[in-house]
file work-v5.txt (compact mmCIF, C-alpha atoms and all ligand atoms)
# COMPACT_ATOMS: atom_id res chain seq x y z
CA MET A 446 8.42 -8.22 -6.67
CA ALA A 447 8.18 -5.85 -9.59
CA ILE A 448 8.33 -8.72 -12.07
CA THR A 449 5.62 -10.76 -10.41
CA SER A 450 3.00 -8.03 -10.29
CA PRO A 451 0.10 -9.21 -12.44
CA ILE A 452 -0.99 -5.73 -13.44
CA ALA A 453 0.49 -4.32 -16.60
CA GLY A 454 1.88 -0.82 -16.53
CA THR A 455 2.19 -0.54 -12.78
CA THR A 456 5.42 -2.41 -12.24
CA ARG A 457 8.28 -0.39 -13.69
CA ASP A 458 8.08 2.65 -11.51
CA ARG A 459 6.65 1.07 -8.40
CA VAL A 460 9.12 1.87 -5.70
CA TYR A 461 7.14 1.31 -2.51
CA HIS A 462 6.93 -2.02 -0.73
CA GLU A 463 5.75 -3.11 2.66
CA THR A 464 8.44 -5.14 4.36
CA GLU A 465 9.52 -6.64 7.66
CA LEU A 466 12.45 -5.23 9.57
CA GLY A 467 13.17 -7.30 12.63
CA THR A 468 9.79 -7.61 14.29
CA TYR A 469 8.51 -4.38 12.74
CA ARG A 470 6.59 -3.63 9.58
CA ALA A 471 7.72 -0.71 7.46
CA ILE A 472 7.30 0.79 4.04
CA LEU A 473 10.47 0.59 2.03
CA VAL A 474 10.89 3.40 -0.47
CA ASP A 475 13.45 3.20 -3.24
CA THR A 476 14.73 6.53 -4.57
CA ALA A 477 16.58 7.40 -7.73
CA GLY A 478 19.66 8.20 -5.64
CA LEU A 479 21.58 11.29 -4.74
CA ASN A 480 24.23 12.53 -7.08
CA PHE A 481 26.00 15.80 -6.50
CA GLU A 482 28.61 15.31 -9.18
CA LYS A 483 26.92 14.79 -12.50
CA ASN A 484 23.82 16.25 -14.07
CA ARG A 485 24.28 19.73 -12.75
CA ASP A 486 21.27 20.84 -14.76
CA LEU A 487 19.20 18.23 -13.02
CA GLU A 488 20.14 19.54 -9.62
CA ALA A 489 16.69 20.82 -8.84
CA ASP A 490 15.30 17.40 -9.52
CA ILE A 491 17.90 15.73 -7.37
CA GLN A 492 17.18 18.08 -4.53
CA GLU A 493 13.54 17.06 -4.76
CA GLN A 494 14.49 13.41 -4.47
CA ALA A 495 16.61 14.32 -1.48
CA LYS A 496 13.72 16.19 0.05
CA ILE A 497 11.44 13.21 -0.31
CA ALA A 498 13.93 10.88 1.29
CA LEU A 499 15.00 13.20 4.04
CA GLU A 500 11.73 14.79 5.02
CA GLU A 501 9.37 11.86 4.69
CA ALA A 502 11.44 8.91 5.86
CA HIS A 503 11.74 7.91 9.48
CA VAL A 504 14.90 5.91 8.86
CA ILE A 505 17.34 6.28 5.99
CA PHE A 506 19.34 3.45 4.46
CA PHE A 507 22.38 5.10 2.97
CA VAL A 508 23.91 2.61 0.53
CA VAL A 509 27.47 3.03 -0.65
CA ASP A 510 29.42 0.94 -3.10
CA ALA A 511 32.20 -0.64 -1.04
CA SER A 512 33.91 -2.11 -4.08
CA GLU A 513 35.14 1.36 -5.01
CA PRO A 514 36.95 4.00 -2.92
CA MET A 515 34.73 6.63 -1.34
CA THR A 516 33.98 9.63 -3.53
CA ALA A 517 33.35 13.29 -2.84
CA ASN A 518 29.73 12.56 -3.61
CA ASP A 519 29.55 10.04 -0.78
CA PHE A 520 30.86 12.65 1.62
CA ASP A 521 28.43 15.28 0.32
CA CYS A 522 25.55 12.89 0.83
CA ALA A 523 26.75 12.01 4.32
CA LYS A 524 26.85 15.71 5.19
CA LEU A 525 23.29 16.15 3.98
CA LEU A 526 22.17 13.14 6.04
CA HIS A 527 23.88 14.50 9.12
CA LYS A 528 22.00 17.73 8.75
CA SER A 529 18.70 15.89 8.37
CA LYS A 530 18.99 14.59 11.96
CA LYS A 531 17.29 11.38 10.84
CA HIS A 532 18.27 7.89 11.88
CA VAL A 533 20.72 6.74 9.23
CA ILE A 534 21.96 3.21 8.68
CA LEU A 535 25.12 3.14 6.60
CA ILE A 536 25.18 0.15 4.28
CA ALA A 537 28.33 -1.07 2.54
CA ASN A 538 27.19 -2.98 -0.52
CA LYS A 539 29.13 -5.30 -2.85
CA ILE A 540 31.26 -6.83 -0.09
CA ASP A 541 31.57 -9.94 -2.25
CA VAL A 542 34.13 -7.94 -4.24
CA LYS A 543 37.61 -8.43 -2.75
CA LYS A 544 38.63 -4.78 -2.91
CA SER A 545 35.84 -3.89 -0.51
CA ALA A 546 37.97 -5.00 2.47
CA ASP A 547 40.09 -1.87 1.91
CA THR A 548 37.11 0.46 1.72
CA ILE A 549 35.29 -0.63 4.87
CA PRO A 550 37.62 1.16 7.35
CA GLU A 551 37.34 4.29 5.21
CA LEU A 552 33.59 4.28 5.65
CA PHE A 553 33.88 5.28 9.29
CA GLU A 554 35.10 8.66 8.03
CA LEU A 555 31.59 9.38 6.81
CA GLY A 556 30.70 9.89 10.44
CA LEU A 557 27.59 7.72 10.22
CA GLY A 558 28.76 5.00 12.56
CA GLU A 559 29.62 1.41 11.79
CA PRO A 560 28.51 0.24 8.36
CA VAL A 561 26.37 -2.86 7.88
CA SER A 562 28.13 -4.95 5.23
CA ILE A 563 26.00 -6.63 2.62
CA SER A 564 26.00 -8.07 -0.87
CA SER A 565 22.61 -7.47 -2.40
CA ILE A 566 22.97 -9.80 -5.33
CA HIS A 567 24.36 -12.61 -3.19
CA ASN A 568 21.86 -12.00 -0.43
CA LEU A 569 24.58 -11.60 2.18
CA GLY A 570 24.13 -9.59 5.35
CA ILE A 571 20.42 -8.96 4.76
CA THR A 572 19.31 -10.53 8.03
CA GLU A 573 21.93 -8.45 9.84
CA LEU A 574 20.58 -5.35 8.09
CA GLN A 575 17.03 -6.19 9.12
CA ASP A 576 18.22 -6.66 12.70
CA ALA A 577 20.11 -3.36 12.64
CA ALA A 578 17.00 -1.60 11.35
CA GLY A 579 14.90 -3.35 13.98
CA LYS A 580 17.24 -2.02 16.69
CA VAL A 581 16.94 1.53 15.38
CA LEU A 582 13.14 1.26 15.28
CA LYS A 583 13.17 -0.06 18.84
CA LYS A 584 15.27 2.89 19.94
CA MET A 585 12.77 5.19 18.24
CA LYS A 586 9.95 3.41 20.12
CA TRP A 587 8.33 2.63 16.78
CA LYS A 588 4.81 1.37 17.23
CA LYS A 589 4.62 -2.31 16.37
CA GLU A 590 1.38 -3.57 14.92
CA ARG A 591 -1.92 -1.82 15.03
CA HIS A 592 -3.37 -3.63 17.99
CA LYS A 593 -5.56 -6.46 16.92
CA ASN A 594 -8.46 -6.13 19.31
CA LYS A 595 -9.13 -2.48 18.64
CA LYS A 596 -12.79 -1.53 18.51
CA THR A 597 -12.68 1.18 15.86
CA ILE A 598 -12.96 0.92 12.08
CA ASP A 599 -10.07 2.93 10.69
CA ILE A 600 -10.71 4.60 7.35
CA ALA A 601 -7.96 6.20 5.26
CA ILE A 602 -8.95 8.86 2.75
CA VAL A 603 -6.40 8.77 -0.07
CA GLY A 604 -6.10 10.08 -3.61
CA LYS A 605 -4.29 12.52 -5.83
CA PRO A 606 -3.95 16.16 -4.82
CA ASN A 607 -7.01 18.27 -5.59
CA VAL A 608 -9.49 15.41 -6.00
CA GLY A 609 -11.32 16.76 -2.96
CA LYS A 610 -10.03 14.73 0.00
CA SER A 611 -10.10 17.65 2.44
CA SER A 612 -13.55 18.64 1.27
CA LEU A 613 -14.71 15.06 1.72
CA VAL A 614 -13.28 14.89 5.23
CA ASN A 615 -15.12 18.10 6.04
CA ALA A 616 -18.33 16.71 4.58
CA LEU A 617 -17.92 13.53 6.63
CA LEU A 618 -17.05 15.24 9.88
CA GLY A 619 -19.53 18.03 9.42
CA LYS A 620 -17.19 20.83 10.29
CA ASN A 621 -14.51 22.83 8.59
CA ARG A 622 -11.61 21.14 10.28
CA VAL A 623 -9.34 20.69 7.31
CA VAL A 624 -8.15 23.70 5.38
CA VAL A 625 -9.42 23.44 1.82
CA SER A 626 -7.62 25.11 -0.99
CA ASN A 627 -7.57 24.89 -4.75
CA ILE A 628 -3.78 25.10 -4.69
CA PRO A 629 -2.64 21.49 -4.55
CA GLY A 630 -0.79 20.54 -1.40
CA THR A 631 -1.68 23.38 0.86
CA THR A 632 -3.40 21.61 3.70
CA VAL A 633 -1.88 20.72 7.05
CA ASP A 634 -0.36 17.40 8.14
CA SER A 635 -2.49 14.27 8.18
CA ILE A 636 -4.64 13.86 11.25
CA ASP A 637 -6.60 10.98 12.79
CA THR A 638 -10.07 12.00 13.83
CA PRO A 639 -12.27 9.70 15.93
CA PHE A 640 -15.91 9.85 14.88
CA THR A 641 -19.04 7.99 15.86
CA PHE A 642 -21.67 7.32 13.25
CA GLU A 643 -24.92 5.61 14.24
CA GLY A 644 -23.29 3.89 17.19
CA THR A 645 -20.16 2.69 15.41
CA ASP A 646 -16.74 4.11 16.27
CA PHE A 647 -14.54 5.11 13.38
CA VAL A 648 -11.19 6.81 13.00
CA LEU A 649 -10.81 8.90 9.89
CA ILE A 650 -7.19 9.00 8.73
CA ASP A 651 -6.89 12.04 6.58
CA THR A 652 -4.00 12.23 4.13
CA ALA A 653 -5.05 15.46 2.54
CA GLY A 654 -2.37 16.99 4.66
CA LEU A 655 0.73 18.10 2.89
CA ARG A 656 2.52 21.04 4.31
CA ARG A 657 3.01 23.98 2.00
CA ARG A 658 6.49 23.95 0.62
CA GLY A 659 8.00 27.07 -0.84
CA LYS A 660 9.39 25.64 -4.03
CA ALA A 661 7.53 22.37 -4.09
CA ASN A 662 6.39 21.64 -7.59
CA LYS A 663 3.53 19.52 -8.78
CA GLU A 664 5.53 16.35 -9.25
CA LEU A 665 7.06 16.52 -5.79
CA ILE A 666 3.68 17.09 -4.19
CA GLU A 667 2.28 14.10 -6.06
CA ARG A 668 5.14 11.86 -4.98
CA LEU A 669 4.77 12.97 -1.40
CA SER A 670 1.06 12.41 -1.53
CA VAL A 671 1.68 8.80 -2.59
CA LEU A 672 3.95 8.25 0.38
CA ARG A 673 1.48 9.80 2.77
CA ALA A 674 -1.26 7.68 1.27
CA LEU A 675 0.73 4.50 1.77
CA GLN A 676 1.48 5.36 5.38
CA ALA A 677 -2.20 6.03 6.02
CA ILE A 678 -3.31 2.86 4.21
CA SER A 679 -0.96 0.78 6.38
CA ARG A 680 -2.74 2.09 9.46
CA SER A 681 -6.26 1.60 8.10
CA ASP A 682 -8.82 -1.17 7.77
CA VAL A 683 -10.63 0.41 4.85
CA ALA A 684 -9.05 2.73 2.31
CA CYS A 685 -11.20 5.17 0.37
CA LEU A 686 -9.50 5.94 -2.92
CA VAL A 687 -10.89 9.30 -3.99
CA LEU A 688 -11.02 10.02 -7.73
CA ASP A 689 -12.16 13.15 -9.51
CA PHE A 690 -14.62 12.09 -12.19
CA GLU A 691 -13.42 14.88 -14.46
CA ASN A 692 -9.80 13.74 -14.36
CA GLY A 693 -10.29 9.98 -14.51
CA ILE A 694 -7.88 7.36 -13.20
CA ALA A 695 -4.15 8.07 -13.16
CA ASN A 696 -1.21 5.69 -12.86
CA GLN A 697 -0.74 6.91 -9.33
CA ASP A 698 -4.23 5.69 -8.47
CA LEU A 699 -3.32 2.28 -9.85
CA HIS A 700 -0.18 2.16 -7.71
CA VAL A 701 -2.12 3.09 -4.62
CA SER A 702 -4.84 0.52 -5.28
CA GLN A 703 -2.22 -2.13 -5.97
CA TYR A 704 -0.65 -1.32 -2.62
CA ILE A 705 -4.02 -1.62 -0.88
CA LEU A 706 -4.34 -5.06 -2.46
CA ASP A 707 -0.76 -6.05 -1.56
CA ILE A 708 -1.28 -5.38 2.11
CA ASN A 709 -4.82 -6.75 2.19
CA ARG A 710 -6.78 -3.69 3.14
CA SER A 711 -10.38 -3.13 2.09
CA LEU A 712 -11.16 -0.61 -0.62
CA ILE A 713 -13.96 1.78 -1.50
CA ILE A 714 -13.63 3.71 -4.74
CA VAL A 715 -15.06 7.18 -4.20
CA VAL A 716 -15.73 9.19 -7.35
CA ASN A 717 -16.01 12.82 -6.32
CA LYS A 718 -17.28 16.12 -7.78
CA CYS A 719 -20.41 14.54 -9.22
CA ASP A 720 -22.26 17.84 -8.78
CA LEU A 721 -20.34 18.94 -11.88
CA MET A 722 -21.81 16.21 -14.08
CA ASN A 723 -24.03 17.46 -16.89
CA ASP A 724 -24.96 13.98 -18.14
CA PRO A 725 -24.89 11.92 -14.92
CA ASP A 726 -26.04 8.62 -16.41
CA GLY A 727 -23.70 8.73 -19.39
CA GLN A 728 -20.76 10.00 -17.39
CA ARG A 729 -21.21 7.41 -14.70
CA LYS A 730 -21.38 4.66 -17.28
CA ARG A 731 -18.21 5.88 -18.94
CA PHE A 732 -16.42 6.13 -15.61
CA MET A 733 -17.45 2.60 -14.68
CA ALA A 734 -16.11 1.36 -18.01
CA GLU A 735 -12.78 3.07 -17.38
CA LEU A 736 -12.66 1.59 -13.89
CA GLN A 737 -13.35 -1.87 -15.18
CA TYR A 738 -10.68 -1.50 -17.82
CA LYS A 739 -7.98 -0.04 -15.59
CA MET A 740 -8.81 -1.48 -12.18
CA GLY A 741 -10.47 -4.75 -13.08
CA TYR A 742 -8.23 -6.48 -10.52
CA VAL A 743 -10.40 -5.20 -7.65
CA PRO A 744 -13.88 -6.17 -8.90
CA TRP A 745 -15.01 -6.58 -5.28
CA ALA A 746 -14.47 -2.91 -4.41
CA PRO A 747 -17.68 -0.89 -4.19
CA VAL A 748 -17.78 2.28 -6.30
CA ILE A 749 -19.74 5.30 -5.08
CA PHE A 750 -20.38 8.59 -6.83
CA VAL A 751 -20.39 11.48 -4.38
CA SER A 752 -20.12 15.22 -4.09
CA ALA A 753 -18.08 16.52 -1.18
CA LEU A 754 -19.46 19.95 -1.97
CA THR A 755 -23.17 19.08 -1.64
CA LYS A 756 -22.45 16.06 0.64
CA LYS A 757 -24.47 13.89 -1.70
CA ASN A 758 -23.89 10.17 -0.97
CA THR A 759 -21.01 10.89 1.40
CA ARG A 760 -22.64 9.12 4.35
CA GLN A 761 -22.42 5.93 2.31
CA ILE A 762 -18.74 5.89 3.26
CA TRP A 763 -19.67 5.22 6.89
CA GLU A 764 -22.34 2.71 5.98
CA LEU A 765 -20.19 0.80 3.50
CA SER A 766 -17.20 0.79 5.84
CA LYS A 767 -19.35 -0.75 8.55
CA ASN A 768 -20.57 -3.47 6.21
CA ILE A 769 -17.11 -4.09 4.87
CA ASP A 770 -15.71 -4.38 8.38
CA GLN A 771 -18.20 -7.15 9.07
CA GLU A 772 -17.17 -8.88 5.85
CA ARG A 773 -13.49 -8.63 6.83
CA LYS A 774 -14.27 -10.32 10.12
CA LYS A 775 -16.61 -12.98 8.76
CA LYS A 776 -15.70 -16.59 9.49
CA ILE A 777 -17.33 -19.45 7.64
CA PRO A 778 -17.82 -22.40 10.02
CA ASP A 779 -15.51 -25.28 9.12
CA ALA A 780 -18.32 -27.79 8.59
CA GLU A 781 -20.08 -25.46 6.18
CA PHE A 782 -16.92 -24.66 4.26
CA GLU A 783 -16.22 -28.35 3.93
CA ILE A 784 -19.50 -28.76 2.09
CA PHE A 785 -18.62 -25.84 -0.13
CA THR A 786 -15.24 -27.40 -0.88
CA LYS A 787 -16.90 -30.72 -1.73
CA THR A 788 -19.37 -29.17 -4.11
CA ILE A 789 -17.08 -26.67 -5.78
CA ALA A 790 -13.45 -27.68 -5.58
CA MET A 791 -13.91 -31.43 -5.68
CA SER A 792 -16.30 -31.38 -8.57
CA HIS A 793 -14.06 -29.02 -10.53
CA PRO A 794 -10.59 -30.41 -9.99
CA VAL A 795 -7.47 -28.72 -11.25
CA ILE A 796 -6.36 -30.21 -14.51
CA ARG A 797 -2.69 -29.99 -15.42
CA SER A 798 -1.33 -31.69 -18.51
CA GLY A 799 -4.27 -34.07 -18.64
CA LYS A 800 -3.97 -35.12 -15.00
CA SER A 801 -6.33 -33.99 -12.32
CA ILE A 802 -5.17 -32.76 -8.93
CA PRO A 803 -8.02 -33.37 -6.49
CA ILE A 804 -8.63 -30.89 -3.71
CA THR A 805 -9.14 -32.95 -0.55
CA LYS A 806 -9.98 -30.31 2.01
CA GLY A 807 -10.73 -26.61 2.34
CA GLN A 808 -10.89 -24.33 5.38
CA GLN A 809 -11.07 -20.67 6.26
CA ILE A 810 -7.93 -20.20 8.32
CA ASP A 811 -8.07 -16.51 9.16
CA ILE A 812 -10.02 -13.25 9.07
CA CYS A 813 -9.00 -9.63 8.32
CA PRO A 814 -8.54 -10.45 5.51
CA PRO A 815 -10.51 -13.67 5.12
CA SER A 816 -7.94 -16.34 4.23
CA PHE A 817 -8.53 -19.83 2.91
CA MET A 818 -6.40 -22.94 2.65
CA PHE A 819 -7.02 -25.77 0.22
CA TRP A 820 -5.20 -29.08 0.48
CA CYS A 821 -4.10 -31.19 -2.49
CA SER A 822 -1.26 -33.44 -3.64
CA ARG A 823 0.60 -30.92 -5.80
CA PRO A 824 0.11 -27.32 -4.61
CA ASP A 825 3.05 -26.27 -6.77
CA LYS A 826 1.17 -27.26 -9.92
CA ILE A 827 -1.86 -25.09 -9.31
CA HIS A 828 -2.36 -22.37 -11.84
CA PHE A 829 -3.27 -18.77 -11.08
CA SER A 830 -6.53 -19.18 -13.00
CA TYR A 831 -7.70 -21.96 -10.67
CA LYS A 832 -7.12 -19.71 -7.72
CA ARG A 833 -9.23 -17.07 -9.43
CA PHE A 834 -11.95 -19.65 -10.07
CA LEU A 835 -12.04 -20.51 -6.37
CA GLU A 836 -12.06 -16.85 -5.39
CA ASN A 837 -15.03 -16.19 -7.68
CA GLU A 838 -16.91 -19.16 -6.27
CA ILE A 839 -16.18 -18.16 -2.66
CA ARG A 840 -17.37 -14.64 -3.37
CA ARG A 841 -20.46 -15.87 -5.22
CA ARG A 842 -21.40 -17.97 -2.23
CA TYR A 843 -20.21 -15.85 0.70
CA GLY A 844 -19.72 -12.31 -0.56
CA PHE A 845 -16.73 -10.85 1.25
CA PHE A 846 -17.76 -7.65 -0.33
CA GLY A 847 -15.24 -4.78 -0.30
CA THR A 848 -12.40 -6.89 0.99
CA PRO A 849 -9.53 -8.82 -0.53
CA ILE A 850 -9.42 -12.52 0.26
CA LYS A 851 -6.36 -14.74 0.37
CA ILE A 852 -6.23 -18.25 -1.04
CA ARG A 853 -3.37 -20.64 -0.45
CA PHE A 854 -2.71 -24.27 -1.23
CA SER A 855 -1.03 -26.78 1.01
CA ILE A 856 0.19 -30.32 0.50
CA ASN A 857 -1.96 -33.17 1.84
CA ASP A 858 -0.89 -34.35 5.30
CA GLU A 859 -0.65 -38.03 4.46
P1 LIG A 901 -7.50 17.66 -1.82
O1 LIG A 901 -6.22 18.24 -2.33
O2 LIG A 901 -7.73 16.31 -2.41
O3 LIG A 901 -7.63 17.66 -0.34
O4 LIG A 901 -8.68 18.56 -2.43
P2 LIG A 901 -9.52 19.77 -1.76
O5 LIG A 901 -10.55 19.24 -0.83
O6 LIG A 901 -8.59 20.79 -1.26
O7 LIG A 901 -10.31 20.29 -3.04
C1 LIG A 901 -9.66 20.78 -4.17
C2 LIG A 901 -10.60 21.66 -4.95
O8 LIG A 901 -11.71 20.91 -5.44
C3 LIG A 901 -11.20 22.78 -4.10
O9 LIG A 901 -11.29 23.92 -4.92
C4 LIG A 901 -12.58 22.26 -3.73
O10 LIG A 901 -13.51 23.29 -3.50
C5 LIG A 901 -12.94 21.47 -4.99
N1 LIG A 901 -13.88 20.38 -4.67
C6 LIG A 901 -13.72 19.40 -3.75
N2 LIG A 901 -14.78 18.57 -3.73
C7 LIG A 901 -15.65 19.03 -4.66
C8 LIG A 901 -16.96 18.61 -5.12
O11 LIG A 901 -17.55 17.62 -4.68
N3 LIG A 901 -17.52 19.34 -6.12
C9 LIG A 901 -16.91 20.43 -6.65
N4 LIG A 901 -17.57 21.09 -7.59
N5 LIG A 901 -15.72 20.87 -6.23
C10 LIG A 901 -15.08 20.19 -5.26
call {"tool": "encode", "arguments": {"input": "work-v5.txt", "output": "structure tokens"}}
result
Amino acid sequence: MAITSPIAGTTRDRVYHETELGTYRAILVDTAGLNFEKNRDLEADIQEQAKIALEEAHVIFFVVDASEPMTANDFDCAKLLHKSKKHVILIANKIDVKKSADTIPELFELGLGEPVSISSIHNLGITELQDAAGKVLKKMKWKKERHKNKKTIDIAIVGKPNVGKSSLVNALLGKNRVVVSNIPGTTVDSIDTPFTFEGTDFVLIDTAGLRRRGKANKELIERLSVLRALQAISRSDVACLVLDFENGIANQDLHVSQYILDINRSLIIVVNKCDLMNDPDGQRKRFMAELQYKMGYVPWAPVIFVSALTKKNTRQIWELSKNIDQERKKKIPDAEFEIFTKTIAMSHPVIRSGKSIPITKGQQIDICPPSFMFWCSRPDKIHFSYKRFLENEIRRRYGFFGTPIKIRFSINDE
């Protein structure tokens, strides 16, 4: 996945992915690993990694190398996991290596139950692992999908610590519900608040909430805030990515926006603290230029400049979310889309190595997000740029403002 991401600079340290485990959806978080043996001077750092894994995860995949005998480190980790009282799935990796047969019985001594045997590089045992995880989630009564026919528009407020998320939530809800502080990471756990605005029912999913942690440093808080953001985004229809105009756009914001795109949620970019602008026109222009440069992959996302402090423009979040929700649910009638396909796709065929690949049919096959299928003889030959061309044309004609759209190609029936 990391290799195929089209956005430069956001791949190397992206460690969060939405995935399927059995019949459940989950966010998979990769960590740097726990090591109690080496790097004594890095212990503090390692403990932070451990904290992230242990405190934030609902289920822990504890991967051991079965091609080698168990080490003291493995036992130390197992002890830590025991103490965490989390659901742990013990995974014996590298079972393609012969020696592993001797190690497997030893693994029971870790006290974490029966290991699931896999070979990552040979793709062995992965289905079994997914099933095992599915069973654990079932036992935990993990909620399956957000139910499809829900009537509310669910909005997640996400962004780096201190950009003003709590203040914005307060401005939106009109009461001082969330504790605001200028010390990053000092608000309470994330809360869902139902709210009705001009007859429309919303749920505000507030990720400002990070519990105060005694020794938690800035980096830990930022990492945790990403995780919380991703969890909230997964539960939302529309994600508001809050930026502080004074601090610009950080890599973390790019990761979060990429995630929003990956899982097809709608996006509003909310630039906060505009009351502090001394040259509003110039500063806005410069911010827009930075946005275009760094986040040009979401040109459909509306950008609003607000002040949580003075509440200026904050009600636009409700209004935009309502409009976006309608766009997410919009369905172009088949007959109409056929005409569009005829005029656009058929008159601009894909050309590959001098040959044209005619598009024979197009149809909107789904909503939330709007998804389109185009039929042709060689779907495998279609270049990314042609997909972008179609997306631009669809948006020019039909809008789909604020929402990602999906385009796929299928082989002609005959
Ligand atoms: P969070 O960590 O993203 O939830 O941020 P907070 O809402 O706790 O705000 C962090 C700091 O920024 C606090 O000192 C707020 O008073 C300040 N702040 C938040 N929004 C605004 C705003 O619109 N204008 C100004 N001037 N300050 C703000």
call {"tool": "residues_around", "arguments": {"input": "work-v5.txt", "residues": "Glu573 of chain A", "least_positions_apart": "3", "cutoff": "9 Å", "atoms": "all atoms listed in the file", "output": "list in words"}}
result
Val561, Ser562, Ile563, Leu569, Gly570, Asp576, Ala577 and Ala578 of chain A
call {"tool": "residues_around", "arguments": {"input": "work-v5.txt", "residues": "Lys530 of chain A", "least_positions_apart": "4", "cutoff": "12 Å", "atoms": "all atoms listed in the file", "output": "list in words"}}
result
Leu499, Glu500, Ala502, His503, Val504, Ile505, Ala523, Lys524, Leu525, Leu526 and Leu557 of chain A
call {"tool": "write_last_selection", "arguments": {"input": "work-v5.txt", "atoms": "C-alpha atoms", "output": "short mmCIF file (atom, residue, chain, number, x, y, z; two decimals), keeping the file's coordinate frame"}}
result
data_model
loop_
_atom_site.label_atom_id
_atom_site.label_comp_id
_atom_site.auth_asym_id
_atom_site.auth_seq_id
_atom_site.Cartn_x
_atom_site.Cartn_y
_atom_site.Cartn_z
CA LEU A 499 15.00 13.20 4.04
CA GLU A 500 11.73 14.79 5.02
CA ALA A 502 11.44 8.91 5.86
CA HIS A 503 11.74 7.91 9.48
CA VAL A 504 14.90 5.91 8.86
CA ILE A 505 17.34 6.28 5.99
CA ALA A 523 26.75 12.01 4.32
CA LYS A 524 26.85 15.71 5.19
CA LEU A 525 23.29 16.15 3.98
CA LEU A 526 22.17 13.14 6.04
CA LEU A 557 27.59 7.72 10.22
#
call {"tool": "closest_residue", "arguments": {"input": "work-v5.txt", "among": "A:Ile812, A:Leu688, A:Ile789, A:Ile784", "to": "ligand LIG 901 (chain A)", "atoms": "all atoms listed in the file"}}
result
A:Leu688
call {"tool": "closest_residue", "arguments": {"input": "work-v5.txt", "among": "A:Val614, A:Cys685, A:Ala674, A:Ala695", "to": "Ile600 of chain A", "atoms": "only C-alpha atoms"}}
result
A:Cys685
call {"tool": "closest_residue", "arguments": {"input": "work-v5.txt", "among": "A:Gln809, A:Ser612, A:Ser830, A:Ser855", "to": "ligand LIG 901 (chain A)", "atoms": "only C-alpha atoms and all ligand atoms"}}
result
A:Ser612
call {"tool": "axis_aligned_box", "arguments": {"input": "work-v5.txt", "around": "segment 505-521 of chain A", "padding_each_side": "4 Å", "output": "lines of an AutoDock Vina configuration file"}}
result
center_x = 27.1
center_y = 6.6
center_z = 0.5
size_x = 27.6
size_y = 25.4
size_z = 19.0
call {"tool": "atom_distance", "arguments": {"input": "work-v5.txt", "atom1": "atom CA of Thr572 of chain A", "atom2": "atom CA of Val542 of chain A"}}
result
19.4 Å
call {"tool": "closest_residue", "arguments": {"input": "work-v5.txt", "among": "A:Tyr469, A:Gln771, A:Asp726, A:Leu699", "to": "Met740 of chain A", "atoms": "all atoms listed in the file"}}
result
A:Leu699
call {"tool": "closest_residue", "arguments": {"input": "work-v5.txt", "among": "A:Gly847, A:Val508, A:Gly556, A:Ser801", "to": "Lys528 of chain A", "atoms": "all atoms listed in the file"}}
result
A:Gly556
call {"tool": "residues_around", "arguments": {"input": "work-v5.txt", "residues": "Gly609 of chain A", "least_positions_apart": "4", "cutoff": "8 Å", "atoms": "all atoms listed in the file", "output": "list in words"}}
result
Leu613, Val687, Asp689, Asn717, Lys718 and Ala753 of chain A
call {"tool": "closest_residue", "arguments": {"input": "work-v5.txt", "among": "A:Val474, A:Ala616, A:Ile762, A:Leu672", "to": "ligand LIG 901 (chain A)", "atoms": "only C-alpha atoms and all ligand atoms"}}
result
A:Ala616
call {"tool": "atom_distance", "arguments": {"input": "work-v5.txt", "atom1": "atom CA of Thr652 of chain A", "atom2": "atom CA of Asp599 of chain A"}}
result
12.9 Å
call {"tool": "residues_around", "arguments": {"input": "work-v5.txt", "residues": "Arg710 of chain A", "least_positions_apart": "5", "cutoff": "9 Å", "atoms": "all atoms listed in the file", "output": "MDAnalysis selection string"}}
result
chainID A and resid 678:679 681:684 704:705 813:814 848:849
call {"tool": "atom_distance", "arguments": {"input": "work-v5.txt", "atom1": "atom CA of Lys610 of chain A", "atom2": "atom CA of Lys730 of chain A"}}
result
23.0 Å
call {"tool": "residues_around", "arguments": {"input": "work-v5.txt", "residues": "Asp510 of chain A", "least_positions_apart": "3", "cutoff": "7 Å", "atoms": "only C-alpha atoms", "output": "PyMOL selection string"}}
result
chain A and resi 513+537-539
